[in-house]
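Here the structure comes first, spelled out in structure tokens, and everything after it is commentary.
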Amino acid sequence: MIEGMPAHNDVDGPLFRSGPLSTVYPDPRIRTFDPRFASYVPFNAAVERLAGGCRWAEGPVWFGDHRQLVWSDIPNDRMLRWDEQTGTTSVFREPSGFANGNTRDHQGRLVTCEHGARRVTRTEHDGTITVLADRAGGASGPRLNSPNDVAIAPDGAVWFTDPRFGILSDYEGHRATPETHPDVYRIDPGSGAVSVVSSEFNDPNGLAFSPDGSLLYVVESTGAEGPDGRANPAIWVLDVVANGTGLGRRRLLVDGVDGGPDGFRIDEHGNLWCGWNGYEPDAHGVRVFADDGTPLGAIDLPEPCANVTFGGRAGTRLFMAASMSLYAVHLTVRGI
């Protein structure tokens, strides 16, 4: 059992339960670009605001065995927990090492990227914390920058991105000089060895595997400068090769010309559900793309959305960590 899960310790103040953002069905915040998307959302589903009071919400992860969602509030150096049965929000861990991305491994253990300690950790079932990686290339190698997002491969390997965001200032970590290039890493499930699998990206961010594990999707947050003068984020797709230990050629899947992706998750059909930070005030929320990059739909939110995860009783509820709030919407499609 994960330490802290059974207790609630409700927090007074700005962490609260709210309700739907719309009072009509279908919810106008849910927009369809492709006919396939219409079948993914029930007609009478609405976007709900579940909690607030964050400074920058990230890394949602679902614990179905506890019917609870855990997510990171990076600048406040804490992790929060929302309980599905009571609707209450409480502190899960504080301080959190300026935790960012979270996931669960095949044994149900929490795996966390920490900006502050510049490491990737695993919370064991008894609540103890194991450091999986804090340096590149072994114990004598340079310190990692600020591990950001994490995904578990079919073979149990832990893959993570290591951009510079957490060491650029003291807001989401501790200001420091980078000691290594921002790379994508793999932690071997047997030996625990930490290896670089890609150095092709400028500040890699969100990452996720395709349903069969043959592809890896990676967000590049500071991509090439586009015609609008912005360094537009992009989603790249790469082949997983060498028996799951390496990456092959990469192809551009989504160019964020009108905003950009941060983190994302994959559904059972291989579609990408992406947290989206739009350049325009009304272009925040979630964008959904088919595995060939075709835009399928959007879920508009009042705030930029960093990351999402699937959860709920049947794995068909989408939780969205968006700036200062946590949102959710019921779907008909499951996450992988």
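Each chain in the structure tokens gets a letter, A, B, ..., in the order shown, and its residues are numbered from 1; ligands are numbered from 1 in order too.
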#### Entry: Exercise: Ala314 in chain A partners within 10 Å, only C-alpha atoms, chain neighbours under 6 positions left out, as an NGL selection string
:A and (64 or 331-335)
Can I get the selection written as a CSV table (one decimal), in the first residue's frame, with all heavy atoms?
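And here is the file that came out, again-v7.csv:
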```csv
chain,number,residue,atom,x,y,z
A,64,GLY,N,-6.6,3.1,-9.2
A,64,GLY,CA,-7.9,2.5,-9.2
A,64,GLY,C,-8.1,1.7,-7.9
A,64,GLY,O,-9.3,1.6,-7.5
A,331,LEU,N,-15.7,9.7,-20.8
A,331,LEU,CA,-15.6,9.4,-22.2
A,331,LEU,C,-16.2,7.9,-22.4
A,331,LEU,O,-16.6,7.3,-21.4
A,331,LEU,CB,-14.1,9.4,-22.6
A,331,LEU,CG,-13.4,10.7,-22.4
A,331,LEU,CD1,-11.9,10.5,-22.7
A,331,LEU,CD2,-13.9,11.8,-23.2
A,332,THR,N,-16.2,7.5,-23.6
A,332,THR,CA,-16.5,6.1,-23.9
A,332,THR,C,-15.3,5.3,-24.3
A,332,THR,O,-15.4,4.1,-24.5
A,332,THR,CB,-17.5,6.1,-25.1
A,332,THR,OG1,-16.9,6.6,-26.2
A,332,THR,CG2,-18.8,6.8,-24.7
A,333,VAL,N,-14.2,5.9,-24.4
A,333,VAL,CA,-12.9,5.2,-24.8
A,333,VAL,C,-12.0,5.1,-23.5
A,333,VAL,O,-12.0,5.9,-22.6
A,333,VAL,CB,-12.2,6.0,-25.9
A,333,VAL,CG1,-11.8,7.3,-25.4
A,333,VAL,CG2,-11.0,5.2,-26.4
A,334,ARG,N,-11.3,3.9,-23.5
A,334,ARG,CA,-10.4,3.7,-22.3
A,334,ARG,C,-9.0,4.1,-22.7
A,334,ARG,O,-8.6,4.0,-23.8
A,334,ARG,CB,-10.4,2.2,-22.0
A,334,ARG,CG,-11.7,1.7,-21.3
A,334,ARG,CD,-11.6,0.3,-20.9
A,334,ARG,NE,-12.8,-0.2,-20.2
A,334,ARG,CZ,-13.8,-0.8,-20.7
A,334,ARG,NH1,-13.8,-1.0,-22.0
A,334,ARG,NH2,-14.9,-1.1,-20.0
A,335,GLY,N,-8.2,4.4,-21.7
A,335,GLY,CA,-6.8,4.6,-21.8
A,335,GLY,C,-6.1,3.2,-21.8
A,335,GLY,O,-6.7,2.2,-21.3
```
Can you check which parts of range 119-194 of chain A lie within 12 Å of range 216-219 of chain A? Per residue, the shortest pair of atoms and distance in Å to one decimal, counting only C-alpha atoms, sorted by chain and number, as a tab-separated table.
```
residue	atom	partner	partner_atom	distance
A:Asn148	CA	A:Val219	CA	11.2
A:Asp149	CA	A:Val218	CA	10.0
A:Val150	CA	A:Val218	CA	10.7
A:Ala151	CA	A:Leu216	CA	9.6
A:Ile152	CA	A:Leu216	CA	10.9
A:Ala153	CA	A:Leu216	CA	9.3
A:Pro154	CA	A:Leu216	CA	11.6
A:Trp159	CA	A:Leu216	CA	9.9
A:Phe160	CA	A:Val218	CA	10.0
A:Thr161	CA	A:Val218	CA	8.7
A:Asp162	CA	A:Val219	CA	11.7
A:Pro163	CA	A:Val219	CA	10.9
A:Asp183	CA	A:Val218	CA	11.1
A:Val184	CA	A:Val218	CA	8.9
A:Tyr185	CA	A:Val218	CA	11.8
```
Prev. selection, C-alpha atoms, output as a PDB file, in the first residue's frame:
```pdb
ATOM      1  CA  ASN A 148      10.047  15.760 -16.409  1.00  0.00           C
ATOM      2  CA  ASP A 149       7.814  12.943 -17.642  1.00  0.00           C
ATOM      3  CA  VAL A 150       7.968   9.176 -17.369  1.00  0.00           C
ATOM      4  CA  ALA A 151       6.465   6.124 -19.102  1.00  0.00           C
ATOM      5  CA  ILE A 152       6.735   2.394 -18.510  1.00  0.00           C
ATOM      6  CA  ALA A 153       7.594   0.206 -21.500  1.00  0.00           C
ATOM      7  CA  PRO A 154       6.024  -3.229 -22.057  1.00  0.00           C
ATOM      8  CA  TRP A 159      11.719   5.781 -19.833  1.00  0.00           C
ATOM      9  CA  PHE A 160      11.932   9.465 -18.944  1.00  0.00           C
ATOM     10  CA  THR A 161      12.730  12.883 -20.374  1.00  0.00           C
ATOM     11  CA  ASP A 162      15.247  15.281 -18.848  1.00  0.00           C
ATOM     12  CA  PRO A 163      14.768  18.887 -20.022  1.00  0.00           C
ATOM     13  CA  ASP A 183      18.045  13.713 -23.387  1.00  0.00           C
ATOM     14  CA  VAL A 184      15.570  10.841 -23.325  1.00  0.00           C
ATOM     15  CA  TYR A 185      16.654   8.005 -21.014  1.00  0.00           C
TER      16      TYR A 185
END
```
### Message
When you look at range 32-38 of chain A with a cut-off of 8 Å (counting only C-alpha atoms), what residues show up, excluding the ones that are within fewer than 6 positions of it in the same chain? I need them as a PyMOL selection string.
### Response
chain A and resi 295-298
#### Entry: For Arg186 in chain A: contacts at 12 Å, only C-alpha atoms, fewer than 2 positions along chain excluded, given as a PyMOL selection string
chain A and resi 120+132-133+136-137+147+150-153+155-162+183-184+188-198+240+244-247
### Query
What's the 12 Å shell around Phe310 in chain A, counting only C-alpha atoms, without same-chain residues fewer than 2 positions away, as an MDAnalysis selection string?
chainID A and resid 59:64 68:69 103 264:268 272:274 307:308 312:321 327:336
### Nearest to Gln107 in chain A, chosen from A:Arg93, A:Asp27, A:Arg122, A:Asp77, with only C-alpha atoms counted in the distances
A:Arg122
### Query
What separation in Å, quoted to one decimal, exists between CA of Ser96 in chain A and CA of Asp134 in chain A?
15.5 Å
### Summary
Among A:Gly213, A:Gly173, A:Gly256, A:Pro178, Asn145 in chain A is approached most closely, using only C-alpha atoms, by A:Pro178
### Message
Could you go through range 224-274 of chain A and tell me which residues DSSP, when run on the backbone, assigns to strand (DSSP E or B), listing them as JSON, numbers by chain?
### Response
{"A": [225, 231, 234, 235, 236, 237, 238, 239, 240, 241, 246, 247, 248, 249, 250, 251, 252, 253, 254, 255, 259, 260, 261, 262, 263, 264, 265, 266, 267, 272, 273, 274]}
Residues from the last selection, C-alpha atoms, saved as a compact mmCIF listing (two decimals), in the first residue's frame:
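Saved the output as result-v4.txt:
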```txt
# COMPACT_ATOMS: atom_id res chain seq x y z
CA GLU A 225 11.43 28.30 -34.98
CA ALA A 231 9.87 27.99 -31.21
CA ALA A 234 5.95 19.48 -31.62
CA ILE A 235 5.14 15.80 -31.19
CA TRP A 236 7.53 13.33 -32.79
CA VAL A 237 7.07 9.60 -33.22
CA LEU A 238 9.98 7.15 -33.15
CA ASP A 239 10.32 3.42 -33.75
CA VAL A 240 11.29 1.36 -30.70
CA VAL A 241 14.08 -0.97 -31.83
CA GLY A 246 16.68 1.79 -28.44
CA LEU A 247 15.01 4.18 -30.84
CA GLY A 248 15.05 4.32 -34.63
CA ARG A 249 14.04 7.01 -37.08
CA ARG A 250 11.83 9.86 -35.95
CA ARG A 251 8.99 11.51 -37.84
CA LEU A 252 7.10 14.72 -37.14
CA LEU A 253 3.53 13.90 -36.11
CA VAL A 254 2.05 17.17 -34.82
CA ASP A 255 3.44 20.68 -35.23
CA GLY A 259 0.02 26.45 -29.42
CA GLY A 260 1.62 23.35 -28.19
CA PRO A 261 1.43 20.00 -26.44
CA ASP A 262 3.00 19.32 -23.07
CA GLY A 263 2.13 15.84 -21.81
CA PHE A 264 -0.29 13.25 -23.16
CA ARG A 265 -1.71 9.75 -22.85
CA ILE A 266 -2.78 7.14 -25.39
CA ASP A 267 -6.19 5.47 -25.61
CA LEU A 272 -3.18 10.83 -28.46
CA TRP A 273 -4.95 12.93 -25.80
CA CYS A 274 -2.67 15.93 -25.37
```
So that I can check the surroundings of Glu58 in chain A, please list as a PDB file with C-alpha atoms, in the first residue's frame every protein, DNA and RNA residue that reaches within 8 Å of it, counting only C-alpha atoms and ignoring chain neighbours fewer than 3 positions away.
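Generated file (selection00.pdb):
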```
ATOM      1  CA  TRP A  71      -1.023  14.817  -9.192  1.00  0.00           C
ATOM      2  CA  SER A  72       1.820  17.308  -8.803  1.00  0.00           C
ATOM      3  CA  ASP A  73       1.611  20.987  -7.912  1.00  0.00           C
ATOM      4  CA  ILE A  74       5.189  21.806  -8.878  1.00  0.00           C
ATOM      5  CA  ASN A 100       6.447  16.737 -12.009  1.00  0.00           C
ATOM      6  CA  GLY A 101       5.511  13.639 -14.043  1.00  0.00           C
ATOM      7  CA  ALA A 306      -0.212  20.434 -18.978  1.00  0.00           C
ATOM      8  CA  ASN A 307      -1.039  16.751 -18.778  1.00  0.00           C
ATOM      9  CA  ALA A 321      -4.152  18.858 -14.858  1.00  0.00           C
ATOM     10  CA  ALA A 322      -4.505  22.440 -16.031  1.00  0.00           C
ATOM     11  CA  SER A 323      -2.487  25.261 -14.473  1.00  0.00           C
TER      12      SER A 323
END
```
### For Glu124 in chain A: contacts at 7 Å, only C-alpha atoms, fewer than 3 positions along chain excluded, given as a list in words
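Within the cut-off, the hits are Ile2, Arg109, Gly127, Thr128 and Ile129 of chain A.
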Resulting file, chosen residues, N, CA and C atoms, as a PDB file, in the first residue's frame:
```
ATOM      1  N   ILE A   2       0.548   2.239  -0.830  1.00  0.00           N
ATOM      2  CA  ILE A   2       1.319   3.464  -0.893  1.00  0.00           C
ATOM      3  C   ILE A   2       1.097   4.283   0.361  1.00  0.00           C
ATOM      4  N   ARG A 109       3.513   0.366  -8.448  1.00  0.00           N
ATOM      5  CA  ARG A 109       4.267   1.318  -7.653  1.00  0.00           C
ATOM      6  C   ARG A 109       4.337   2.674  -8.350  1.00  0.00           C
ATOM      7  N   GLY A 127       5.837   2.418   1.284  1.00  0.00           N
ATOM      8  CA  GLY A 127       6.008   3.854   1.419  1.00  0.00           C
ATOM      9  C   GLY A 127       7.435   4.339   1.315  1.00  0.00           C
ATOM     10  N   THR A 128       8.415   3.437   1.350  1.00  0.00           N
ATOM     11  CA  THR A 128       9.803   3.865   1.201  1.00  0.00           C
ATOM     12  C   THR A 128      10.069   4.297  -0.236  1.00  0.00           C
ATOM     13  N   ILE A 129      11.067   5.144  -0.403  1.00  0.00           N
ATOM     14  CA  ILE A 129      11.368   5.707  -1.718  1.00  0.00           C
ATOM     15  C   ILE A 129      12.712   5.193  -2.205  1.00  0.00           C
TER      16      ILE A 129
END
```
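Candidate residues A:Ala45, A:Ala139, A:Ala57, A:Ile30 were compared for distance to Ala99 in chain A, and the nearest is A:Ala57, using only C-alpha atoms.
Atom pair CA of Glu84 in chain A / CA of Asn44 in chain A has a distance of 19.7 Å (rounded to one decimal).
Counting only C-alpha atoms and comparing A:His125, A:Ser22, A:His106, A:Ala51, the residue that lies closest to Asp83 in chain A is A:Ala51.
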#### Entry: Counting only C-alpha atoms, the option among A:Leu215, A:Leu80, A:Val131, A:Met324 closest to Cys305 in chain A
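So, comparing all the options, the nearest one is A:Met324.
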